Structure formats: C-alpha cells, structure tokens
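Raw contents of run19.cif, mmCIF, C-alpha atoms:
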```
data_structure
loop_
_atom_site.label_atom_id
_atom_site.label_comp_id
_atom_site.auth_asym_id
_atom_site.auth_seq_id
_atom_site.Cartn_x
_atom_site.Cartn_y
_atom_site.Cartn_z
CA MET A 1 28.00 13.80 2.00
CA LEU A 2 29.74 10.80 0.45
CA THR A 3 27.35 8.22 -0.95
CA GLN A 4 28.48 4.86 -2.27
CA ILE A 5 26.82 1.68 -3.50
CA LYS A 6 28.67 -1.61 -3.08
CA VAL A 7 27.37 -4.78 -4.70
CA HIS A 8 28.77 -7.96 -3.16
CA ASN A 9 28.47 -11.29 -5.04
CA LEU A 10 24.88 -10.55 -6.02
CA SER A 11 22.91 -13.38 -7.62
CA LYS A 12 19.27 -13.65 -8.54
CA ALA A 13 17.34 -16.61 -9.88
CA TYR A 14 13.62 -17.17 -10.38
CA GLY A 15 13.19 -20.91 -9.92
CA HIS A 16 15.73 -22.55 -12.19
CA ARG A 17 16.23 -19.43 -14.32
CA LEU A 18 19.38 -17.60 -13.35
CA LEU A 19 19.32 -13.86 -14.13
CA PHE A 20 22.79 -12.93 -12.93
CA ARG A 21 25.42 -14.55 -10.75
CA ASN A 22 28.03 -13.18 -8.34
CA LEU A 23 27.92 -9.57 -9.52
CA SER A 24 30.32 -7.39 -7.57
CA LEU A 25 30.79 -3.72 -8.25
CA THR A 26 31.17 -0.32 -6.61
CA ILE A 27 29.29 2.78 -7.73
CA PRO A 28 31.06 5.90 -6.43
CA ASN A 29 29.55 9.23 -5.41
CA HIS A 30 28.79 11.83 -8.13
CA SER A 31 28.43 9.23 -10.86
CA VAL A 32 25.90 7.81 -13.31
CA PHE A 33 25.81 4.01 -13.58
CA VAL A 34 24.06 2.47 -16.58
CA LEU A 35 22.81 -1.10 -16.69
CA LEU A 36 22.37 -2.63 -20.15
CA GLY A 37 20.97 -5.91 -21.37
CA ARG A 38 18.37 -7.56 -23.56
CA ASN A 39 14.74 -7.84 -22.41
CA GLY A 40 14.55 -10.27 -19.49
CA ALA A 41 18.26 -9.99 -18.69
CA GLY A 42 17.47 -8.82 -15.15
CA LYS A 43 17.95 -5.02 -15.33
CA THR A 44 14.67 -4.19 -13.60
CA THR A 45 15.23 -6.96 -11.05
CA PHE A 46 18.66 -5.50 -10.23
CA LEU A 47 17.06 -2.07 -9.69
CA ARG A 48 14.30 -3.59 -7.52
CA ILE A 49 16.91 -5.35 -5.37
CA LEU A 50 18.79 -2.05 -5.04
CA CYS A 51 15.57 -0.35 -3.89
CA GLY A 52 14.83 -3.13 -1.40
CA LEU A 53 11.67 -4.19 -3.23
CA VAL A 54 12.90 -7.69 -4.07
CA SER A 55 15.35 -9.85 -2.16
CA ALA A 56 18.47 -11.28 -3.79
CA SER A 57 18.98 -15.03 -4.04
CA SER A 58 22.44 -14.48 -2.56
CA GLY A 59 24.81 -11.61 -1.97
CA GLU A 60 23.81 -8.07 -1.05
CA ILE A 61 23.77 -4.43 -2.05
CA GLU A 62 25.19 -2.11 0.58
CA ILE A 63 24.51 1.63 0.49
CA THR A 64 26.77 3.82 2.59
CA VAL A 65 26.44 7.51 3.37
CA ASP A 66 29.57 9.01 4.97
CA GLY A 67 30.81 5.51 5.71
CA LYS A 68 27.63 4.44 7.54
CA VAL A 69 25.75 1.47 6.10
CA LEU A 70 22.07 2.32 5.67
CA THR A 71 19.32 0.21 7.25
CA PRO A 72 16.26 -0.69 5.11
CA GLN A 73 14.36 2.20 6.76
CA GLU A 74 17.16 4.67 6.00
CA LYS A 75 17.37 3.36 2.41
CA ARG A 76 13.75 4.42 1.84
CA ALA A 77 14.69 8.01 2.65
CA GLN A 78 17.69 7.99 0.31
CA ILE A 79 16.27 6.35 -2.83
CA GLY A 80 13.98 7.86 -5.48
CA LEU A 81 12.63 5.55 -8.19
CA VAL A 82 11.12 6.24 -11.61
CA ALA A 83 10.00 3.05 -13.35
CA PRO A 84 7.29 1.79 -15.70
CA GLU A 85 5.87 -0.51 -13.00
CA LEU A 86 5.50 2.38 -10.53
CA GLU A 87 2.29 4.42 -10.76
CA LEU A 88 0.79 7.16 -8.62
CA TYR A 89 -2.81 7.42 -7.42
CA GLU A 90 -5.02 8.33 -10.37
CA GLU A 91 -7.95 9.32 -8.13
CA LEU A 92 -5.82 12.07 -6.55
CA SER A 93 -4.39 15.24 -8.05
CA ALA A 94 -0.62 15.67 -8.48
CA VAL A 95 -0.53 17.98 -5.43
CA GLU A 96 -2.54 15.49 -3.34
CA ASN A 97 -0.21 12.66 -4.40
CA LEU A 98 2.85 14.66 -3.37
CA GLU A 99 1.15 15.78 -0.14
CA PHE A 100 0.45 12.11 0.67
CA PHE A 101 4.00 10.94 -0.01
CA ALA A 102 5.46 13.91 1.92
CA GLY A 103 3.15 12.93 4.80
CA VAL A 104 4.19 9.28 4.97
CA ARG A 105 7.85 10.18 4.54
CA GLY A 106 7.54 12.68 7.38
CA ILE A 107 8.89 15.61 5.37
CA PRO A 108 7.31 19.06 5.63
CA PHE A 109 4.71 19.77 2.97
CA SER A 110 4.55 23.25 1.51
CA LEU A 111 2.31 24.12 -1.42
CA THR A 112 4.92 26.58 -2.68
CA SER A 113 7.73 24.04 -2.83
CA VAL A 114 5.44 21.40 -4.37
CA ARG A 115 4.33 23.91 -7.04
CA GLU A 116 8.01 24.69 -7.74
CA LEU A 117 8.73 20.97 -8.10
CA LEU A 118 5.76 20.51 -10.45
CA ASP A 119 6.89 23.56 -12.49
CA PHE A 120 10.38 22.02 -12.68
CA VAL A 121 9.05 18.73 -14.10
CA GLY A 122 6.86 20.58 -16.61
CA LEU A 123 3.46 20.26 -14.93
CA LYS A 124 2.90 23.98 -14.31
CA GLY A 125 -0.78 24.78 -13.83
CA ARG A 126 -1.83 21.09 -13.79
CA GLY A 127 -1.11 20.33 -10.14
CA LEU A 128 -4.75 20.33 -9.07
CA ASP A 129 -5.99 18.10 -11.91
CA LEU A 130 -6.67 14.46 -11.11
CA VAL A 131 -3.90 12.18 -12.36
CA HIS A 132 -6.34 10.07 -14.41
CA THR A 133 -6.77 13.10 -16.71
CA TYR A 134 -3.01 13.16 -17.47
CA SER A 135 -1.38 11.86 -20.63
CA SER A 136 1.23 9.10 -20.24
CA GLY A 137 4.02 11.68 -20.69
CA MET A 138 2.58 13.86 -17.92
CA LYS A 139 2.33 10.82 -15.65
CA GLN A 140 6.00 10.11 -16.32
CA ARG A 141 6.85 13.72 -15.37
CA LEU A 142 4.86 13.33 -12.16
CA LYS A 143 6.87 10.21 -11.32
CA TYR A 144 9.99 12.41 -11.40
CA ALA A 145 8.32 14.82 -8.96
CA TYR A 146 7.54 11.83 -6.69
CA ALA A 147 11.13 10.55 -6.94
CA LEU A 148 12.70 13.96 -6.24
CA LEU A 149 10.27 15.08 -3.50
CA HIS A 150 12.45 13.88 -0.63
CA GLU A 151 15.74 14.91 -2.31
CA PRO A 152 17.23 11.40 -2.32
CA LYS A 153 20.95 10.70 -2.55
CA ILE A 154 20.31 7.91 -5.09
CA LEU A 155 18.04 8.27 -8.09
CA VAL A 156 17.08 4.96 -9.73
CA LEU A 157 15.72 5.22 -13.26
CA ASP A 158 14.24 2.36 -15.28
CA GLU A 159 13.79 3.37 -18.93
CA PRO A 160 13.93 7.05 -17.91
CA THR A 161 12.57 8.72 -21.03
CA THR A 162 9.61 6.40 -21.65
CA ASN A 163 6.59 8.34 -23.00
CA LEU A 164 8.44 11.67 -22.90
CA ASP A 165 8.60 14.23 -25.73
CA GLU A 166 11.78 16.09 -26.69
CA ASP A 167 11.30 18.63 -23.86
CA GLY A 168 10.82 15.74 -21.45
CA VAL A 169 14.07 14.13 -22.60
CA LYS A 170 15.88 17.45 -21.94
CA LEU A 171 14.24 17.54 -18.49
CA VAL A 172 15.63 14.06 -17.75
CA GLU A 173 19.10 15.22 -18.85
CA ALA A 174 18.82 18.17 -16.45
CA ILE A 175 17.62 15.92 -13.60
CA ILE A 176 20.48 13.47 -14.17
CA ALA A 177 23.04 16.31 -14.21
CA ARG A 178 21.60 17.74 -10.97
CA GLN A 179 21.45 14.34 -9.29
CA ARG A 180 25.05 13.57 -10.26
CA ARG A 181 26.08 16.62 -8.19
CA ARG A 182 23.90 15.48 -5.29
CA GLY A 183 24.78 11.76 -5.25
CA ILE A 184 24.33 8.83 -7.61
CA VAL A 185 22.14 7.93 -10.60
CA VAL A 186 21.56 4.24 -11.40
CA MET A 187 19.81 3.69 -14.70
CA ALA A 188 18.58 0.71 -16.73
CA THR A 189 18.20 1.35 -20.44
CA ASN A 190 19.10 0.22 -23.92
CA ASP A 191 18.61 3.63 -25.54
CA PRO A 192 22.03 4.77 -26.89
CA ARG A 193 21.26 8.41 -26.01
CA GLU A 194 20.58 7.48 -22.37
CA VAL A 195 23.59 5.14 -22.24
CA ALA A 196 25.76 8.13 -23.10
CA TYR A 197 24.88 9.82 -19.77
CA GLY A 198 26.78 7.15 -17.81
CA GLU A 199 30.43 7.05 -16.78
CA GLN A 200 30.15 3.39 -15.83
CA THR A 201 28.16 0.75 -17.72
CA LEU A 202 27.50 -2.92 -17.17
CA SER A 203 25.81 -5.23 -19.66
CA LEU A 204 23.96 -8.08 -18.00
CA ASP A 205 24.20 -10.01 -21.31
CA THR A 206 27.95 -10.26 -21.00
CA ALA A 207 28.48 -9.78 -17.25
CA LYS A 208 30.85 -12.26 -15.68
CA PRO A 209 31.11 -12.96 -11.99
CA GLY A 210 33.07 -10.21 -10.30
CA ASP A 211 32.58 -7.63 -13.07
CA LEU A 212 33.52 -4.05 -12.21
CA ALA A 213 34.71 -5.05 -8.76
CA MET B 214 3.02 12.22 20.13
CA SER B 215 3.24 11.66 16.37
CA ARG B 216 6.92 12.66 16.45
CA ARG B 217 7.67 9.92 18.99
CA PHE B 218 5.41 7.41 17.30
CA PRO B 219 5.87 7.89 13.54
CA TRP B 220 3.76 4.76 12.84
CA ILE B 221 0.68 6.52 14.18
CA ARG B 222 1.21 9.64 12.04
CA GLN B 223 2.01 7.55 8.95
CA SER B 224 -1.02 5.30 9.54
CA LEU B 225 -3.29 8.32 9.80
CA VAL B 226 -1.87 9.77 6.58
CA ILE B 227 -2.61 6.46 4.80
CA TRP B 228 -6.09 6.32 6.39
CA HIS B 229 -6.78 9.87 5.14
CA LYS B 230 -5.60 8.96 1.62
CA GLU B 231 -7.89 5.90 1.59
CA LEU B 232 -10.85 8.00 2.73
CA ARG B 233 -10.14 10.66 0.09
CA ILE B 234 -10.03 8.04 -2.69
CA GLU B 235 -13.17 6.33 -1.31
CA PHE B 236 -15.08 9.63 -1.25
CA ARG B 237 -14.21 10.07 -4.94
CA THR B 238 -14.89 6.52 -6.15
CA ARG B 239 -17.38 5.29 -3.50
CA PHE B 240 -16.48 1.77 -4.61
CA ALA B 241 -16.05 -0.08 -1.32
CA TYR B 242 -18.84 1.69 0.57
CA SER B 243 -21.35 1.22 -2.26
CA THR B 244 -20.52 -2.49 -2.38
CA LEU B 245 -20.86 -2.89 1.39
CA LEU B 246 -24.09 -0.90 1.55
CA MET B 247 -25.75 -2.52 -1.45
CA PHE B 248 -24.98 -6.00 -0.17
CA ALA B 249 -26.15 -5.24 3.36
CA VAL B 250 -29.36 -3.45 2.34
CA THR B 251 -30.45 -6.01 -0.27
CA THR B 252 -29.82 -8.89 2.15
CA LEU B 253 -31.62 -7.07 4.93
CA ILE B 254 -34.68 -6.30 2.81
CA THR B 255 -34.81 -9.88 1.49
CA ILE B 256 -34.70 -11.24 5.04
CA SER B 257 -37.35 -8.83 6.31
CA PHE B 258 -39.70 -9.77 3.44
CA SER B 259 -39.13 -13.49 3.97
CA VAL B 260 -39.89 -13.36 7.72
CA GLY B 261 -42.97 -11.13 7.11
CA GLY B 262 -44.69 -10.15 10.34
CA PHE B 263 -43.14 -13.09 12.19
CA VAL B 264 -40.70 -12.14 14.97
CA PRO B 265 -37.78 -14.61 14.81
CA ASP B 266 -36.30 -15.76 18.10
CA SER B 267 -32.98 -14.39 19.34
CA ASP B 268 -30.96 -17.41 18.06
CA ILE B 269 -31.99 -16.80 14.46
CA THR B 270 -31.85 -13.00 14.71
CA ALA B 271 -28.29 -12.99 16.08
CA ALA B 272 -27.07 -15.36 13.34
CA LEU B 273 -28.77 -13.32 10.60
CA LEU B 274 -27.20 -10.07 11.81
CA TRP B 275 -23.66 -11.48 11.75
CA ILE B 276 -24.20 -13.24 8.42
CA ILE B 277 -25.12 -9.88 6.89
CA LEU B 278 -22.10 -8.15 8.43
CA PHE B 279 -19.72 -11.00 7.52
CA PHE B 280 -20.68 -11.18 3.84
CA SER B 281 -20.81 -7.38 3.53
CA ALA B 282 -17.27 -7.21 4.88
CA MET B 283 -16.13 -9.92 2.45
CA ALA B 284 -17.74 -8.09 -0.47
CA GLY B 285 -16.39 -4.62 0.32
CA LEU B 286 -13.15 -4.89 2.26
CA GLY B 287 -11.32 -7.35 0.04
CA ARG B 288 -10.11 -4.74 -2.42
CA THR B 289 -8.02 -2.75 0.06
CA PHE B 290 -4.73 -4.17 -1.17
CA VAL B 291 -5.86 -5.60 -4.50
CA GLN B 292 -6.33 -2.14 -5.97
CA GLU B 293 -2.81 -1.10 -4.90
CA GLU B 294 -1.44 -4.14 -6.77
CA GLU B 295 -3.69 -3.78 -9.82
CA LYS B 296 -3.09 -0.05 -10.21
CA LYS B 297 0.67 -0.50 -9.62
CA THR B 298 0.70 2.06 -6.80
CA VAL B 299 2.10 -0.57 -4.45
CA THR B 300 5.73 0.12 -5.49
CA ALA B 301 5.45 3.84 -4.72
CA LEU B 302 3.93 3.02 -1.33
CA LYS B 303 6.54 0.35 -0.47
CA LEU B 304 9.35 2.79 -1.27
CA ALA B 305 7.91 5.52 0.93
CA VAL B 306 6.83 3.81 4.14
CA ALA B 307 7.48 0.78 6.37
CA PRO B 308 4.99 -2.14 6.16
CA GLU B 309 3.40 -1.75 9.62
CA PRO B 310 1.90 1.75 9.11
CA VAL B 311 0.48 0.53 5.79
CA PHE B 312 -1.34 -2.28 7.59
CA LEU B 313 -2.59 0.04 10.34
CA GLY B 314 -3.73 2.72 7.86
CA LYS B 315 -5.70 0.14 5.86
CA TYR B 316 -7.09 -1.36 9.09
CA PHE B 317 -8.29 2.06 10.31
CA PHE B 318 -9.94 2.62 6.92
CA ASN B 319 -11.71 -0.76 7.02
CA VAL B 320 -12.86 -0.05 10.59
CA THR B 321 -14.25 3.31 9.43
CA LEU B 322 -16.10 1.72 6.51
CA LEU B 323 -17.53 -1.14 8.55
CA CYS B 324 -18.52 1.13 11.48
CA SER B 325 -20.33 3.56 9.17
CA LEU B 326 -22.15 0.58 7.62
CA THR B 327 -23.02 -0.89 11.02
CA VAL B 328 -24.47 2.42 12.25
CA LEU B 329 -26.95 2.24 9.36
CA VAL B 330 -27.57 -1.50 9.18
CA VAL B 331 -28.01 -2.49 12.85
CA PRO B 332 -30.88 -0.06 13.68
CA LEU B 333 -32.54 -0.89 10.35
CA PHE B 334 -32.15 -4.61 11.09
CA LEU B 335 -33.72 -4.26 14.55
CA VAL B 336 -36.65 -2.26 13.18
CA LEU B 337 -37.34 -4.50 10.16
CA LEU B 338 -37.17 -7.69 12.24
CA ASN B 339 -39.22 -6.19 15.11
CA GLN B 340 -36.46 -6.81 17.63
CA SER B 341 -35.97 -5.07 20.95
CA VAL B 342 -32.67 -5.08 22.82
CA PRO B 343 -33.11 -5.56 26.57
CA GLN B 344 -29.35 -5.40 27.24
CA TRP B 345 -28.08 -2.38 25.29
CA PRO B 346 -24.57 -1.87 26.82
CA PRO B 347 -23.30 -5.44 26.20
CA PHE B 348 -25.06 -5.43 22.81
CA LEU B 349 -23.14 -2.29 21.75
CA VAL B 350 -19.84 -3.69 23.07
CA THR B 351 -20.49 -6.95 21.16
CA VAL B 352 -21.18 -5.09 17.91
CA ILE B 353 -18.11 -2.84 18.32
CA LEU B 354 -15.73 -5.73 19.15
CA GLY B 355 -17.25 -7.89 16.42
CA VAL B 356 -16.86 -5.16 13.81
CA LEU B 357 -13.26 -4.45 14.90
CA GLY B 358 -12.44 -8.17 14.63
CA LEU B 359 -14.10 -8.44 11.21
CA ALA B 360 -12.12 -5.42 9.98
CA GLY B 361 -8.82 -6.70 11.41
CA ALA B 362 -9.09 -10.21 9.98
CA SER B 363 -10.42 -8.87 6.64
CA THR B 364 -7.46 -6.47 6.34
CA ILE B 365 -4.73 -9.10 6.79
CA ILE B 366 -6.57 -11.62 4.60
CA ALA B 367 -7.02 -8.93 1.92
CA ALA B 368 -3.23 -8.46 1.97
CA ILE B 369 -2.71 -12.21 1.40
CA VAL B 370 -5.41 -12.34 -1.28
CA ALA B 371 -3.79 -9.43 -3.18
CA LYS B 372 -0.81 -11.72 -3.89
CA ALA B 373 -2.99 -14.60 -5.12
CA GLU B 374 -4.19 -15.40 -8.64
CA ALA B 375 -7.90 -16.18 -8.04
CA LYS B 376 -8.54 -13.08 -5.92
CA SER B 377 -12.35 -12.96 -5.99
CA ALA B 378 -12.84 -16.50 -4.65
CA MET B 379 -9.96 -16.42 -2.18
CA MET B 380 -11.26 -13.75 0.19
CA THR B 381 -14.32 -15.58 1.53
CA ILE B 382 -12.62 -19.01 1.44
CA LEU B 383 -9.63 -17.80 3.48
CA ALA B 384 -11.63 -15.55 5.79
CA PHE B 385 -14.27 -18.05 6.88
CA PRO B 386 -12.07 -20.39 8.98
CA VAL B 387 -10.19 -17.41 10.45
CA LEU B 388 -13.44 -15.67 11.38
CA VAL B 389 -15.34 -18.68 12.76
CA PRO B 390 -14.28 -18.07 16.42
CA LEU B 391 -15.20 -14.40 16.11
CA LEU B 392 -18.55 -15.11 14.47
CA LEU B 393 -19.50 -17.79 17.02
CA ALA B 394 -18.63 -15.55 19.96
CA ALA B 395 -20.41 -12.54 18.40
CA ILE B 396 -23.53 -14.59 17.61
CA ASN B 397 -23.65 -16.05 21.14
CA ALA B 398 -23.15 -12.65 22.77
CA THR B 399 -25.78 -11.01 20.52
CA ARG B 400 -28.24 -13.83 21.25
CA ALA B 401 -27.76 -13.33 25.02
CA CYS B 402 -28.29 -9.55 24.66
CA LEU B 403 -31.45 -10.00 22.56
CA ALA B 404 -32.85 -12.72 24.86
CA GLY B 405 -33.01 -10.14 27.65
CA ALA B 406 -33.69 -11.18 31.23
CA SER B 407 -33.77 -14.85 30.28
CA GLY B 408 -30.28 -14.69 28.83
CA ALA B 409 -27.16 -14.42 30.97
CA ALA B 410 -24.83 -11.44 30.46
CA PRO B 411 -22.41 -12.51 27.71
CA ALA B 412 -19.20 -11.81 29.67
CA SER B 413 -17.24 -14.86 28.47
CA GLU B 414 -18.10 -14.16 24.81
CA LEU B 415 -17.02 -10.54 25.22
CA TYR B 416 -13.65 -11.73 26.56
CA VAL B 417 -13.32 -14.05 23.56
CA LEU B 418 -14.04 -11.11 21.22
CA LEU B 419 -11.55 -8.91 23.05
CA PHE B 420 -8.76 -11.52 22.94
CA TYR B 421 -9.59 -12.35 19.31
CA ASN B 422 -9.06 -8.69 18.40
CA GLY B 423 -5.78 -8.57 20.31
CA ALA B 424 -4.53 -11.80 18.74
CA VAL B 425 -5.48 -10.78 15.18
CA LEU B 426 -3.85 -7.35 15.48
CA THR B 427 -0.67 -8.69 17.07
CA ALA B 428 -0.29 -11.54 14.56
CA SER B 429 -1.05 -9.19 11.66
CA LEU B 430 1.57 -6.64 12.71
CA LEU B 431 4.15 -9.42 13.12
CA LEU B 432 3.35 -11.16 9.82
CA PHE B 433 2.44 -8.27 7.56
CA GLU B 434 6.04 -7.46 6.59
CA TYR B 435 6.46 -10.97 5.12
CA ILE B 436 3.21 -10.65 3.16
CA TRP B 437 3.90 -7.09 1.98
CA ASN B 438 7.50 -7.63 0.83
CA GLU B 439 8.19 -9.92 -2.12
#
```

Is it possible to express this structure as structure tokens?
Amino acid sequence: MLTQIKVHNLSKAYGHRLLFRNLSLTIPNHSVFVLLGRNGAGKTTFLRILCGLVSASSGEIEITVDGKVLTPQEKRAQIGLVAPELELYEELSAVENLEFFAGVRGIPFSLTSVRELLDFVGLKGRGLDLVHTYSSGMKQRLKYAYALLHEPKILVLDEPTTNLDEDGVKLVEAIIARQRRRGIVVMATNDPREVAYGEQTLSLDTAKPGDLA
Amino acid sequence: MSRRFPWIRQSLVIWHKELRIEFRTRFAYSTLLMFAVTTLITISFSVGGFVPDSDITAALLWIILFFSAMAGLGRTFVQEEEKKTVTALKLAVAPEPVFLGKYFFNVTLLCSLTVLVVPLFLVLLNQSVPQWPPFLVTVILGVLGLAGASTIIAAIVAKAEAKSAMMTILAFPVLVPLLLAAINATRACLAGASGAAPASELYVLLFYNGAVLTASLLLFEYIWNE
C-alpha cells in the first residue's frame, strides 16, 4: 500500500504568536521525516495537527493511502503516536490498557499477540502489573506498544527516546526500521542520533514558506 | 448489532474501562456516597421525629441527589485531562462514543447511589409513597437527566481553569428545569390520593432527557476537540 503525507500551505498561530507559516511539503512512502527546531518552535504542534488533535490556522495536511484521501475517522486507524504528553491509564495493567484500546479501535484482542507485542517492546513478564508501578522508561516502552497495536501506516514520534536506556534506544531504532518498511515515520527531535535516522529533515527555526514542496 | 453500530460497542468498552478504574480507585462512588449519606443523616437528625410534608420532602430528596451528582460526577473528564490520557483516547476513538461511554458510567454510578439513598431517605424521614409507579419513573428519569447534564458539563469544565467551582455554577441553570419537574412530580407521588398523577412533569422529564442527550451528542465533538 502506498502511503503519502502532503502538507499544503500549513500555518499555525496561537493568538498573535506565529509558529509557522505556509509550510508545504510531501513525505513519501517508506521514509523517515525529521522535524527540528528550538523549544517552542512548533514541532509538537505540527505533529498534533498531523494527528488531527489540533486544527491548523490555515492550510491542511492530507494523508493518502493508495491515492485515497483519508477521512478523520480513517486517519485514527492509520496513525500511531508516541509523545511526552500522551499517557496510558495508570490504574490499569499494560494488558488491560492494550485490551481497552484494541476494543475501542475494533481490532481483535488476543492475549498471545499482546504478550508478543509487550515482549517486543521489552516488557516481558510485566504485562499484568499496574502501569503506576512502572518506571518512566517502562511507561515509554508501553507507549510504543499502544502506538503499534493497530499496525498503523504512519508512526508519529515526539522525542522518541525520552526516558529510555541504551536497550530502549536500540528498540526505537528497530521500530523505526520496521515502520519505514511498512509506511512512514514522522519524528520531532533535536537529538543528533535521532536526526540521523531521517532521510528528510525540516528545521522550523529556518523554515521558509513553501519549504520542501 | 455491535458490528452495525460501532458507537454502541465502543461506548460499552469505554463504560467497562471506567467501571474497572472506579472499582480500583473508588474515588467517584466514595465521594457520591459520603456526600449523600452525611447530608441524609444531618437532615434526619434536624427533622427529629417530625414528618415533613411532601413539598419539603421532595425538595430535600432532589437537593441531596443534585449535590451528590455535582460532587462525584464532575471528574469524569477532568481526570482524563489531568492524567494526560485524553490524547491516547482522542487518537483511538470518535468523540460520540466517548460521551456515551462516560454517560453510561455516570448513569451507573448515580443509579447505584439512588438505590441506596432513596429507601434510606424514605425510612429516615418517615415517608410513605402512595403512588409507587410514577414515583419510580420520576426517580429514574430524574437520575438519567442529572447524569446526562452532568456528563456534558463535566466535559466543558475539564477545559476550564477553575474546575472545582465551575461544575456547580454551570450545572445549576442547566438543571433547574429538571429539578423543578422532578420535585413537582415527587411531591405529587408523595402526596398520595390528594395529589394528581404527575403526568405533565413526567413528560417534561422525558423531553428534558431527550433534549440533553441530543444536544450533547451534537455539541460534544466541538468540546472534545481543541
């Protein structure tokens, strides 16, 4: 399946503060796109607009799969997000969290496949523990399980290796490599090691209208 | 049916998640129950052996249920915002099933409270109910209306700064028609043979529920999305 993200003249302002203006770019299938910029430059806002969580001041982001433009409902099924401002339910276990999100997404829940996913993200044997007993690194790993549960075409990562140890960083590298084969990775970071994963980068500090069109 | 109506299945999944978390934390139910029981005991002590007339009894019952609902149901959406789970939920499901799931949960909480509080209230205030069927319909419709209005107002309050004060302030004007109709219907049921059957009040309660649910489902998307 051919997935593509097209950004058309995207602008975002909060009140009088302009974050970015008239951004236009295309992110092709099987690629990793990295967004750079100082704190407050608008990286997270760009990712939230891409995910449909925040509306743009003007312009739009169009996601197409096999030439068909996705509706907001279809976007939900094709986007997985890992971000510092996204948390999972601490009163539930990892398995219960994934069971819940599989339920609302309408995808079949199997304990075996969920255990495999938790093993993959490095939470083997901890699936039945309540999330509030997890360390911050384990919570970050669980966010990857949440983001990959529905096998999205687009994986959106905001500061992807936050709180992770060296093994966790290698896990993120493996996830990015796998996702590149499946579709697209869009990432916001300033970490030089993470920037190196991307074929295409855009700095919001220096972005001019029409960049990367 | 759930395949044809995904909203229903998704709402039930959200309702189940809310119940599971509530069973573990017991936050909302404890708040509702503590408020209702302390108010009820205070009222029963203050009236002593005196049997208040149906006007006062009906108003007291709905005051207890109203303030219990305000105390316990307001956190439905606030905790999703405060614990940052709202983003994960927004990414996974459309707004309408979220509203319905939270509404079903609030109905469950308020019904389980009402089942305990109403009989206790009638016993402690030495009240008999000559017209049981309309009384039960009044309580059910009143509780559904309280839960519906509380759910949509809780969603608005979750976006506000002064959350604790906002819930009661916003809810009161919205709930006045419901409370007046519920109090009038309850009074008629408690007054017995001397009171007329509260048909018009029951229609008001029924239409109030329909209006609140319809408006909530239409407006919730704009409240839920930034």

message: Using the chain letters and numbers from this file, what does the PyMOL selection byres ((chain B) within 9 of (chain A)) select? Give the answer as a PyMOL selection string.
response: chain B and resi 219+222-227+229-230+233-234+237-238+293+296-307+310+438-439

Written selection (C-alpha atoms) as a short mmCIF file (atom, residue, chain, number, x, y, z; two decimals), in the coordinates of the input:
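To be explicit, this is the file written out as result.cif:
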```
data_model
loop_
_atom_site.label_atom_id
_atom_site.label_comp_id
_atom_site.auth_asym_id
_atom_site.auth_seq_id
_atom_site.Cartn_x
_atom_site.Cartn_y
_atom_site.Cartn_z
CA PRO B 219 5.87 7.89 13.54
CA ARG B 222 1.21 9.64 12.04
CA GLN B 223 2.01 7.55 8.95
CA SER B 224 -1.02 5.30 9.54
CA LEU B 225 -3.29 8.32 9.80
CA VAL B 226 -1.87 9.77 6.58
CA ILE B 227 -2.61 6.46 4.80
CA HIS B 229 -6.78 9.87 5.14
CA LYS B 230 -5.60 8.96 1.62
CA ARG B 233 -10.14 10.66 0.09
CA ILE B 234 -10.03 8.04 -2.69
CA ARG B 237 -14.21 10.07 -4.94
CA THR B 238 -14.89 6.52 -6.15
CA GLU B 293 -2.81 -1.10 -4.90
CA LYS B 296 -3.09 -0.05 -10.21
CA LYS B 297 0.67 -0.50 -9.62
CA THR B 298 0.70 2.06 -6.80
CA VAL B 299 2.10 -0.57 -4.45
CA THR B 300 5.73 0.12 -5.49
CA ALA B 301 5.45 3.84 -4.72
CA LEU B 302 3.93 3.02 -1.33
CA LYS B 303 6.54 0.35 -0.47
CA LEU B 304 9.35 2.79 -1.27
CA ALA B 305 7.91 5.52 0.93
CA VAL B 306 6.83 3.81 4.14
CA ALA B 307 7.48 0.78 6.37
CA PRO B 310 1.90 1.75 9.11
CA ASN B 438 7.50 -7.63 0.83
CA GLU B 439 8.19 -9.92 -2.12
#
```

field: Residues near stretch 58-71 of chain A, cut-off 8 Å, only C-alpha atoms, skip fewer than 5 positions along chain, as a list in words
entry: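 In the requested format, the answer is Met1, Leu2, Thr3, Gln4, Ile5, Lys6, Val7, His8, Asn9, Leu10, Ser11, Lys12, Asn22, Ile49 and Leu50 of chain A.
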
- request: Fewer than 3 positions away in the same chain doesn't count, so skip those; otherwise give me all residues within 6 Å of B:Leu403, counting all atoms listed in the file, as number ranges by chain.
  value: B: 267, 342, 400

Mind writing the picked residues with C-alpha atoms as a JSON list (two decimals), in the coordinates of the input?
```
[["chain", "number", "residue", "atom", "x", "y", "z"],
["B", 267, "SER", "CA", -32.98, -14.39, 19.34],
["B", 342, "VAL", "CA", -32.67, -5.08, 22.82],
["B", 400, "ARG", "CA", -28.24, -13.83, 21.25]]
```

- request: Extract, using only C-alpha atoms, all DNA, RNA and protein residues at most 12 Å from A:Ala196, discarding same-chain residues fewer than 2 positions from it, and format them as a ChimeraX atom specification.
  value: /A:32-36,173,176,187,189-194,198-201

- request: Please measure the separation of atom CA of B:Ala394 and atom CA of B:Val264, giving the value in Å to one decimal.
  value: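 Atom CA of B:Val264 lies at a distance of 22.9 Å from atom CA of B:Ala394.
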